[in-house]
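**Student:** If it helps, the file is called work.cif and holds mmCIF, C-alpha atoms and all ligand atoms:
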data_run
loop_
_atom_site.group_PDB
_atom_site.id
_atom_site.type_symbol
_atom_site.label_atom_id
_atom_site.label_comp_id
_atom_site.auth_asym_id
_atom_site.auth_seq_id
_atom_site.Cartn_x
_atom_site.Cartn_y
_atom_site.Cartn_z
ATOM 1 C CA MET N 43 100.932 65.627 90.242
ATOM 2 C CA VAL N 44 98.770 66.626 87.355
ATOM 3 C CA ASN N 45 95.703 64.419 87.055
ATOM 4 C CA GLU N 46 94.276 62.694 83.974
ATOM 5 C CA THR N 47 91.407 65.131 83.303
ATOM 6 C CA LEU N 48 93.753 68.085 83.522
ATOM 7 C CA LEU N 49 96.160 66.432 81.110
ATOM 8 C CA VAL N 50 93.366 65.974 78.554
ATOM 9 C CA ALA N 51 92.389 69.660 78.891
ATOM 10 C CA GLU N 52 96.043 70.585 78.551
ATOM 11 C CA GLU N 53 96.399 68.578 75.343
ATOM 12 C CA GLN N 54 93.473 70.519 73.919
ATOM 13 C CA GLN N 55 95.364 73.748 74.613
ATOM 14 C CA PHE N 56 98.483 72.335 72.948
ATOM 15 C CA GLU N 57 96.439 71.202 69.959
ATOM 16 C CA LEU N 58 94.786 74.620 69.635
ATOM 17 C CA LEU N 59 98.130 76.421 69.675
ATOM 18 C CA ILE N 60 99.725 74.073 67.152
ATOM 19 C CA ASP N 61 96.716 74.053 64.793
ATOM 20 C CA ALA N 62 96.581 77.833 64.867
ATOM 21 C CA LEU N 63 100.305 78.104 64.172
ATOM 22 C CA VAL N 64 99.997 75.740 61.198
ATOM 23 C CA ASN N 65 96.932 77.527 59.795
ATOM 24 C CA ASN N 66 97.517 81.174 60.754
ATOM 25 C CA GLU N 67 101.225 81.416 61.586
ATOM 26 C CA TYR N 68 100.452 82.183 65.214
ATOM 27 C CA GLY N 69 98.406 80.833 68.092
ATOM 28 C CA VAL N 70 96.812 82.439 71.152
ATOM 29 C CA CYS N 71 95.559 80.488 74.146
ATOM 30 C CA ASP N 72 93.795 82.202 77.045
ATOM 31 C CA ASN N 73 94.024 80.692 80.523
ATOM 32 C CA PHE N 74 97.154 78.747 79.647
ATOM 33 C CA PHE N 75 97.716 78.870 83.403
ATOM 34 C CA THR N 76 95.055 79.335 86.064
ATOM 35 C CA PRO N 77 94.515 82.773 87.629
ATOM 36 C CA GLU N 78 96.079 81.482 90.869
ATOM 37 C CA GLU N 79 99.179 80.304 89.013
ATOM 38 C CA ILE N 80 99.405 83.602 87.146
ATOM 39 C CA ASN N 81 99.129 85.477 90.477
ATOM 40 C CA GLY N 82 101.998 83.410 91.856
ATOM 41 C CA LEU N 83 104.194 84.008 88.813
ATOM 42 C CA ARG N 84 103.383 87.716 88.986
ATOM 43 C CA GLU N 85 104.418 87.791 92.652
ATOM 44 C CA ASN N 86 107.721 86.157 91.690
ATOM 45 C CA LEU N 87 108.322 88.792 89.028
ATOM 46 C CA GLN N 88 107.477 91.581 91.447
ATOM 47 C CA ALA N 89 109.914 90.174 93.996
ATOM 48 C CA TYR N 90 112.731 89.982 91.400
ATOM 49 C CA HIS N 91 111.926 93.487 90.234
ATOM 50 C CA GLN N 92 111.807 94.959 93.731
ATOM 51 C CA GLY N 93 114.968 93.049 94.640
ATOM 52 C CA GLY N 94 116.831 94.815 91.816
ATOM 53 C CA LEU N 95 117.467 91.545 89.979
ATOM 54 C CA MET N 96 116.053 92.536 86.598
ATOM 55 C CA TYR N 97 118.341 94.022 83.934
ATOM 56 C CA PRO N 98 118.187 94.973 80.256
ATOM 57 C CA ALA N 99 118.747 91.917 78.053
ATOM 58 C CA GLY N 100 122.211 91.349 76.684
ATOM 59 C CA VAL N 101 124.104 93.454 79.197
ATOM 60 C CA GLY N 102 127.746 92.561 78.811
ATOM 61 C CA ARG N 103 131.122 93.677 77.503
ATOM 62 C CA ASN N 104 129.915 95.396 74.367
ATOM 63 C CA PHE N 105 126.562 96.527 75.664
ATOM 64 C CA ASP N 106 125.465 100.003 74.583
ATOM 65 C CA TYR N 107 122.655 101.155 76.900
ATOM 66 C CA GLN N 108 121.749 104.095 74.707
ATOM 67 C CA LYS N 109 121.416 102.009 71.557
ATOM 68 C CA ASN N 110 119.596 99.224 73.358
ATOM 69 C CA ALA N 111 117.039 101.618 74.852
ATOM 70 C CA GLU N 112 116.127 102.852 71.369
ATOM 71 C CA ILE N 113 115.160 99.300 70.448
ATOM 72 C CA ARG N 114 113.767 97.772 73.623
ATOM 73 C CA GLY N 115 113.002 99.036 77.091
ATOM 74 C CA ASP N 116 112.251 95.914 79.084
ATOM 75 C CA VAL N 117 114.250 94.483 81.948
ATOM 76 C CA ILE N 118 114.460 90.725 82.324
ATOM 77 C CA TYR N 119 115.233 87.892 84.716
ATOM 78 C CA TRP N 120 116.121 84.439 83.333
ATOM 79 C CA ILE N 121 114.252 81.483 84.824
ATOM 80 C CA ASN N 122 116.504 78.665 85.974
ATOM 81 C CA GLU N 123 115.240 75.477 84.335
ATOM 82 C CA SER N 124 115.806 73.516 87.533
ATOM 83 C CA SER N 125 114.223 76.188 89.754
ATOM 84 C CA LYS N 126 112.891 74.956 93.106
ATOM 85 C CA ASN N 127 110.283 77.708 93.163
ATOM 86 C CA THR N 128 106.937 75.879 93.005
ATOM 87 C CA LEU N 129 105.417 78.064 90.296
ATOM 88 C CA GLU N 130 108.524 78.179 88.158
ATOM 89 C CA ALA N 131 108.814 74.387 88.404
ATOM 90 C CA LEU N 132 105.164 74.071 87.394
ATOM 91 C CA PHE N 133 105.721 76.492 84.505
ATOM 92 C CA ILE N 134 108.809 74.621 83.250
ATOM 93 C CA ALA N 135 107.030 71.247 83.583
ATOM 94 C CA LYS N 136 104.165 72.415 81.365
ATOM 95 C CA ILE N 137 106.592 73.833 78.795
ATOM 96 C CA GLU N 138 108.402 70.487 78.774
ATOM 97 C CA ARG N 139 105.101 68.646 78.175
ATOM 98 C CA PHE N 140 104.310 71.086 75.374
ATOM 99 C CA ILE N 141 107.703 70.439 73.755
ATOM 100 C CA ALA N 142 107.152 66.669 74.005
ATOM 101 C CA TYR N 143 103.728 67.070 72.370
ATOM 102 C CA LEU N 144 105.067 69.359 69.636
ATOM 103 C CA ASN N 145 107.958 67.026 68.844
ATOM 104 C CA ALA N 146 105.688 63.976 68.795
ATOM 105 C CA THR N 147 103.063 65.556 66.533
ATOM 106 C CA CYS N 148 105.205 67.788 64.288
ATOM 107 C CA TYR N 149 108.693 66.206 64.346
ATOM 108 C CA THR N 150 110.116 69.563 65.320
ATOM 109 C CA GLY N 151 113.190 68.210 67.118
ATOM 110 C CA ILE N 152 113.113 70.843 69.847
ATOM 111 C CA ASN N 153 115.827 69.959 72.375
ATOM 112 C CA ASP N 154 116.305 73.086 74.442
ATOM 113 C CA PHE N 155 114.440 76.134 75.739
ATOM 114 C CA GLU N 156 115.000 79.405 77.595
ATOM 115 C CA PHE N 157 112.529 81.708 79.334
ATOM 116 C CA HIS N 158 112.769 85.014 81.133
ATOM 117 C CA TYR N 159 110.451 87.265 83.063
ATOM 118 C CA ALA N 160 110.057 90.654 81.368
ATOM 119 C CA TYR N 161 109.020 93.955 82.891
ATOM 120 C CA TYR N 162 108.214 96.871 80.588
ATOM 121 C CA GLU N 163 108.049 100.069 82.590
ATOM 122 C CA GLN N 164 105.250 102.359 81.422
ATOM 123 C CA ASN N 165 106.005 103.897 78.019
ATOM 124 C CA SER N 166 108.647 101.327 77.150
ATOM 125 C CA PHE N 167 108.422 99.229 74.014
ATOM 126 C CA TYR N 168 110.250 96.738 71.817
ATOM 127 C CA LYS N 169 110.524 97.812 68.185
ATOM 128 C CA ARG N 170 109.630 95.533 65.280
ATOM 129 C CA HIS N 171 111.967 92.535 65.208
ATOM 130 C CA LEU N 172 112.465 88.818 64.678
ATOM 131 C CA ASP N 173 113.478 86.637 67.637
ATOM 132 C CA GLN N 174 116.042 84.541 65.794
ATOM 133 C CA PHE N 175 119.567 85.959 65.771
ATOM 134 C CA LYS N 176 121.499 85.788 62.505
ATOM 135 C CA SER N 177 124.500 84.626 64.497
ATOM 136 C CA ASN N 178 122.564 81.868 66.258
ATOM 137 C CA ARG N 179 119.699 80.121 64.569
ATOM 138 C CA GLY N 180 118.748 78.016 67.596
ATOM 139 C CA ARG N 181 115.499 79.802 68.437
ATOM 140 C CA ARG N 182 112.638 78.129 66.528
ATOM 141 C CA TYR N 183 109.431 79.033 68.379
ATOM 142 C CA SER N 184 108.607 82.018 70.527
ATOM 143 C CA MET N 185 106.176 81.879 73.437
ATOM 144 C CA VAL N 186 104.971 84.783 75.554
ATOM 145 C CA LEU N 187 102.791 84.346 78.650
ATOM 146 C CA TYR N 188 101.244 87.518 80.061
ATOM 147 C CA LEU N 189 101.059 88.121 83.789
ATOM 148 C CA ASN N 190 99.085 91.389 83.884
ATOM 149 C CA GLU N 191 96.196 91.679 86.285
ATOM 150 C CA ASN N 192 92.937 92.993 84.836
ATOM 151 C CA TRP N 193 94.479 94.450 81.679
ATOM 152 C CA GLN N 194 92.117 96.537 79.536
ATOM 153 C CA GLN N 195 92.470 97.248 75.837
ATOM 154 C CA GLU N 196 92.616 100.974 76.750
ATOM 155 C CA ASP N 197 95.818 100.216 78.645
ATOM 156 C CA GLY N 198 97.571 99.718 75.294
ATOM 157 C CA GLY N 199 100.719 97.593 75.336
ATOM 158 C CA SER N 200 99.583 95.350 72.519
ATOM 159 C CA LEU N 201 101.806 92.946 70.665
ATOM 160 C CA SER N 202 101.622 93.494 66.899
ATOM 161 C CA LEU N 203 102.271 90.446 64.753
ATOM 162 C CA TYR N 204 103.109 91.221 61.115
ATOM 163 C CA ILE N 205 101.777 88.336 59.092
ATOM 164 C CA GLY N 206 101.658 88.703 55.329
ATOM 165 C CA ASP N 207 99.954 92.031 54.711
ATOM 166 C CA ASP N 208 98.104 91.864 58.001
ATOM 167 C CA THR N 209 98.928 93.348 61.363
ATOM 168 C CA LEU N 210 97.339 91.436 64.212
ATOM 169 C CA SER N 211 97.042 92.886 67.692
ATOM 170 C CA VAL N 212 97.243 90.760 70.795
ATOM 171 C CA TYR N 213 96.625 92.432 74.139
ATOM 172 C CA PRO N 214 98.595 91.194 77.145
ATOM 173 C CA MET N 215 95.756 89.813 79.261
ATOM 174 C CA GLY N 216 96.935 87.772 82.260
ATOM 175 C CA GLY N 217 96.981 84.034 81.506
ATOM 176 C CA ARG N 218 97.135 84.511 77.739
ATOM 177 C CA LEU N 219 99.888 82.740 75.815
ATOM 178 C CA VAL N 220 101.070 83.655 72.308
ATOM 179 C CA PHE N 221 102.993 81.235 70.103
ATOM 180 C CA PHE N 222 104.755 81.949 66.789
ATOM 181 C CA LYS N 223 107.849 81.077 64.756
ATOM 182 C CA SER N 224 110.977 82.892 65.875
ATOM 183 C CA ASP N 225 112.523 83.176 62.404
ATOM 184 C CA GLU N 226 109.385 84.119 60.448
ATOM 185 C CA THR N 227 107.039 86.334 62.386
ATOM 186 C CA GLU N 228 108.108 89.921 62.814
ATOM 187 C CA HIS N 229 106.501 91.517 65.825
ATOM 188 C CA GLU N 230 106.553 94.594 68.001
ATOM 189 C CA VAL N 231 105.624 95.499 71.566
ATOM 190 C CA HIS N 232 103.764 98.788 71.898
ATOM 191 C CA ALA N 233 104.094 101.039 74.896
ATOM 192 C CA ALA N 234 101.494 101.138 77.628
ATOM 193 C CA PRO N 235 101.309 104.748 78.811
ATOM 194 C CA ASN N 236 99.835 104.193 82.242
ATOM 195 C CA ARG N 237 101.093 100.973 83.732
ATOM 196 C CA PRO N 238 103.927 98.474 83.555
ATOM 197 C CA ARG N 239 103.456 95.465 81.280
ATOM 198 C CA ILE N 240 104.682 92.120 82.543
ATOM 199 C CA SER N 241 105.237 88.688 81.011
ATOM 200 C CA ILE N 242 107.337 85.595 80.690
ATOM 201 C CA ALA N 243 108.865 85.354 77.227
ATOM 202 C CA GLY N 244 110.874 82.475 75.875
ATOM 203 C CA TRP N 245 112.013 80.283 73.083
ATOM 204 C CA LEU N 246 111.955 76.650 72.106
ATOM 205 C CA LYS N 247 115.262 75.812 70.527
ATOM 206 C CA ARG N 248 116.925 73.199 68.366
ATOM 207 C CA SER N 249 120.675 73.142 68.483
HETATM 208 C C1 LIG N 301 110.348 89.513 73.070
HETATM 209 C C2 LIG N 301 108.992 89.934 72.620
HETATM 210 C C3 LIG N 301 106.624 90.118 73.050
HETATM 211 C C4 LIG N 301 105.661 90.532 74.120
HETATM 212 O O1 LIG N 301 110.575 89.463 74.298
HETATM 213 O O2 LIG N 301 111.189 89.222 72.197
HETATM 214 O O3 LIG N 301 108.847 90.188 71.454
HETATM 215 O O4 LIG N 301 104.456 90.618 73.801
HETATM 216 N N1 LIG N 301 107.964 89.954 73.502
HETATM 217 O O5 LIG N 301 106.086 90.794 75.237
HETATM 218 MN MN MN N 302 110.348 89.214 70.258
#
As structure tokens, what does this structure read like?

**Tutor:**
Amino acid sequence: MVNETLLVAEEQQFELLIDALVNNEYGVCDNFFTPEEINGLRENLQAYHQGGLMYPAGVGRNFDYQKNAEIRGDVIYWINESSKNTLEALFIAKIERFIAYLNATCYTGINDFEFHYAYYEQNSFYKRHLDQFKSNRGRRYSMVLYLNENWQQEDGGSLSLYIGDDTLSVYPMGGRLVFFKSDETEHEVHAAPNRPRISIAGWLKRS
């Protein structure tokens, strides 16, 4: 179980993310998980990727590979919210505590979530977009946790957040978490020319 001191430190992270979102429209928290936890999550992703379990998002009856690839190049694997994998369970538990904290402090009424691993092969990107679908307004907050080991700014692969007239760049350093509103903040994933770029991306939802 998570001990008292750790819970206090965790609340400080939650507070930082929420304050930043309120004041700046987005929040960034480094070391949202420990390096050991990030290593474990990365190993999970690598196993799913090597096992051929990761696919382009939205593959289905009307899926157009060509069109999709012009917009986004990542492959994903959805995390089961009752996963027995130790690290996934630990990840989900922290997200659930974050949701409880957010609802208690901001009356946000979040009652659902979904997260997937994402693997961007080198040179792949995700063009400027919003995360909320017009057909389904359930996604309220976006969260992205980076799993990259020893990422350098020269590696590229930044996330651009378009806020007002500003463009903010966030680099995908392992352990870093980004938080923003799914229906307001347009954003874009830039290609990394020399290495794959890996993360867990997800959404807090209100249905
Ligand atoms: C997404 C997304 C951002 C990132 O998956 O919708 O915008 O930095 N991800 O990976
Ligand atoms: Mn997005």

**Student:** For atom CA of N:Gly151 and atom CA of N:Asp173, determine how far apart the two atoms are, in Å to one decimal place.

**Tutor:**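 Spanning atom CA of N:Gly151 to atom CA of N:Asp173 is a straight-line distance of 18.4 Å.
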
**Student:** Expand the PyMOL selection byres (((not hetatm)) within 7 of (chain N and resi 302)) into the individual residues it matches in the shown file, reporting them as number ranges by chain.

**Tutor:** N: 171-173, 229-230

**Student:** Looking at only C-alpha atoms and all ligand atoms, which of N:Lys223, N:Asp116, N:Arg248, N:Lys126 is the one that sits closest to ligand LIG 301 (chain N)?

**Tutor:** N:Asp116

**Student:** Which residues match the PyMOL selection byres (((chain N and resi 206) around 10) and not hetatm) in the file above, as JSON, numbers by chain?

**Tutor:** {"N": [67, 203, 204, 205, 207, 208, 209, 227, 228]}

**Student:** For the residues selected in the previous step, produce a file with C-alpha atoms as a compact mmCIF listing (two decimals), in the coordinates of the input.

**Tutor:**
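Once written, part-v4.txt looks like this:
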# COMPACT_ATOMS: atom_id res chain seq x y z
CA GLU N 67 101.22 81.42 61.59
CA LEU N 203 102.27 90.45 64.75
CA TYR N 204 103.11 91.22 61.12
CA ILE N 205 101.78 88.34 59.09
CA ASP N 207 99.95 92.03 54.71
CA ASP N 208 98.10 91.86 58.00
CA THR N 209 98.93 93.35 61.36
CA THR N 227 107.04 86.33 62.39
CA GLU N 228 108.11 89.92 62.81

**Student:** Kindly provide the residues of chain N that approach ligand LIG 301 (chain N) to within 6 Å, each paired with its closest atom pair and their distance in Å to one decimal, based on all atoms listed in the file, listed by chain and increasing number, as CSV.

**Tutor:**
residue,atom,partner,partner_atom,distance
N:Asp173,CA,N:LIG301,O2,5.7
N:Val186,CA,N:LIG301,C4,6.0
N:Leu201,CA,N:LIG301,O4,4.7
N:Val231,CA,N:LIG301,O4,5.5
N:Ala243,CA,N:LIG301,O1,5.3

**Student:** Residues within 8 Å of (100.5, 82.7, 88.5), file coordinates, counting all atoms listed in the file: what are they? Give the list as a list in words.

**Tutor:**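 Collected hits near the coordinates: Phe75, Thr76, Pro77, Glu78, Glu79, Ile80, Asn81, Gly82, Leu83, Arg84, Glu85, Leu129, Leu189 and Gly217 of chain N.
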
**Student:** List the neighbours of N:Ile118 out to 9 Å using all atoms listed in the file; skip same-chain residues closer than 3 positions along the sequence, and give me the result as a PyMOL selection string.

**Tutor:** chain N and resi 91+95-99+158-162+242

**Student:** Report as an MDAnalysis selection string the residues that result from applying the PyMOL selection byres (((chain N and resi 163) around 8) and not hetatm) to the structure here.

**Tutor:** chainID N and resid 115:116 161:162 164:166 237:239

**Student:** I'd like the neighbourhood of N:Arg181 as number ranges by chain, where a residue qualifies if any of its atoms comes within 8 Å (using only C-alpha atoms), though same-chain residues fewer than 2 positions away should be ignored.

**Tutor:** N: 173-175, 178-179, 183-184, 224-225, 245-248

**Student:** For a test of reading the model, state the distance in Å between atom CA of N:Asn45 and atom CA of N:Ser125, rounded to one decimal.

**Tutor:** 22.1 Å

**Student:** Check the smallest atom-to-atom distance from each of N:Gln54, N:Gln108, N:Ser249, N:Asn86 to N:Cys71 using only C-alpha atoms, then report the winner.

**Tutor:**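 Nearest candidate to N:Cys71 out of N:Gln54, N:Gln108, N:Ser249, N:Asn86: N:Gln54.
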
**Student:** Quick one: pull the distance between atom CA of N:Phe140 and atom CA of N:Trp193, Å, one decimal.

**Tutor:**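 About the pair atom CA of N:Phe140 and atom CA of N:Trp193: they are 26.1 Å apart.
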
**Student:** Please tell me which residues are no farther than 9 Å from (89.9, 84.8, 75.3) in the file, counting all atoms listed in the file, and write them as an NGL selection string.

**Tutor:** :N and (70-73 or 215 or 218)

**Student:** Which one of N:Ala135, N:Pro235, N:Thr47, N:Leu63 sits closest to N:Cys148 if you count all atoms listed in the file?

**Tutor:**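 Between N:Ala135, N:Pro235, N:Thr47, N:Leu63, the residue approaching N:Cys148 most closely is N:Leu63.
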
**Student:** Hey, which of N:Asn122, N:Gln55, N:Asn65, N:Ser241 ends up closest to N:Leu187? Count only C-alpha atoms.

**Tutor:** N:Ser241

**Student:** Here is a test: counting all atoms listed in the file, which residue of N:Phe133, N:Gly244, N:Arg182, N:Ala89 is nearest to N:Ile152?

**Tutor:** N:Arg182

**Student:** Given the choices N:Tyr90, N:Ala111, N:Asp106, N:Tyr143, which gets closest to N:Glu53 if the distance is worked out from all atoms listed in the file?

**Tutor:** N:Tyr143

**Student:** If you take every atom of stretch 46-51 of chain N that the file lists and fit an axis-aligned box around them with 4 Å extra on each side, what centre and edge lengths come out in Å to one decimal, as JSON?

**Tutor:**
{"center_x": 93.8, "center_y": 66.2, "center_z": 81.3, "size_x": 12.8, "size_y": 15.0, "size_z": 13.4}

**Student:** What's around N:Val64 at 12 Å? Count all atoms listed in the file, leave out sequence neighbours fewer than 6 positions away in its own chain, and write the answer as a PyMOL selection string.

**Tutor:** chain N and resi 57-58+144+147-148+221-223

**Student:** So that I have them on file, write out the residues from the current selection with C-alpha atoms, as a PDB file, keeping the file's coordinate frame.

**Tutor:**
ATOM      1  CA  GLU N  57      96.439  71.202  69.959  1.00  0.00           C
ATOM      2  CA  LEU N  58      94.786  74.620  69.635  1.00  0.00           C
ATOM      3  CA  LEU N 144     105.067  69.359  69.636  1.00  0.00           C
ATOM      4  CA  THR N 147     103.063  65.556  66.533  1.00  0.00           C
ATOM      5  CA  CYS N 148     105.205  67.788  64.288  1.00  0.00           C
ATOM      6  CA  PHE N 221     102.993  81.235  70.103  1.00  0.00           C
ATOM      7  CA  PHE N 222     104.755  81.949  66.789  1.00  0.00           C
ATOM      8  CA  LYS N 223     107.849  81.077  64.756  1.00  0.00           C
TER       9      LYS N 223
END
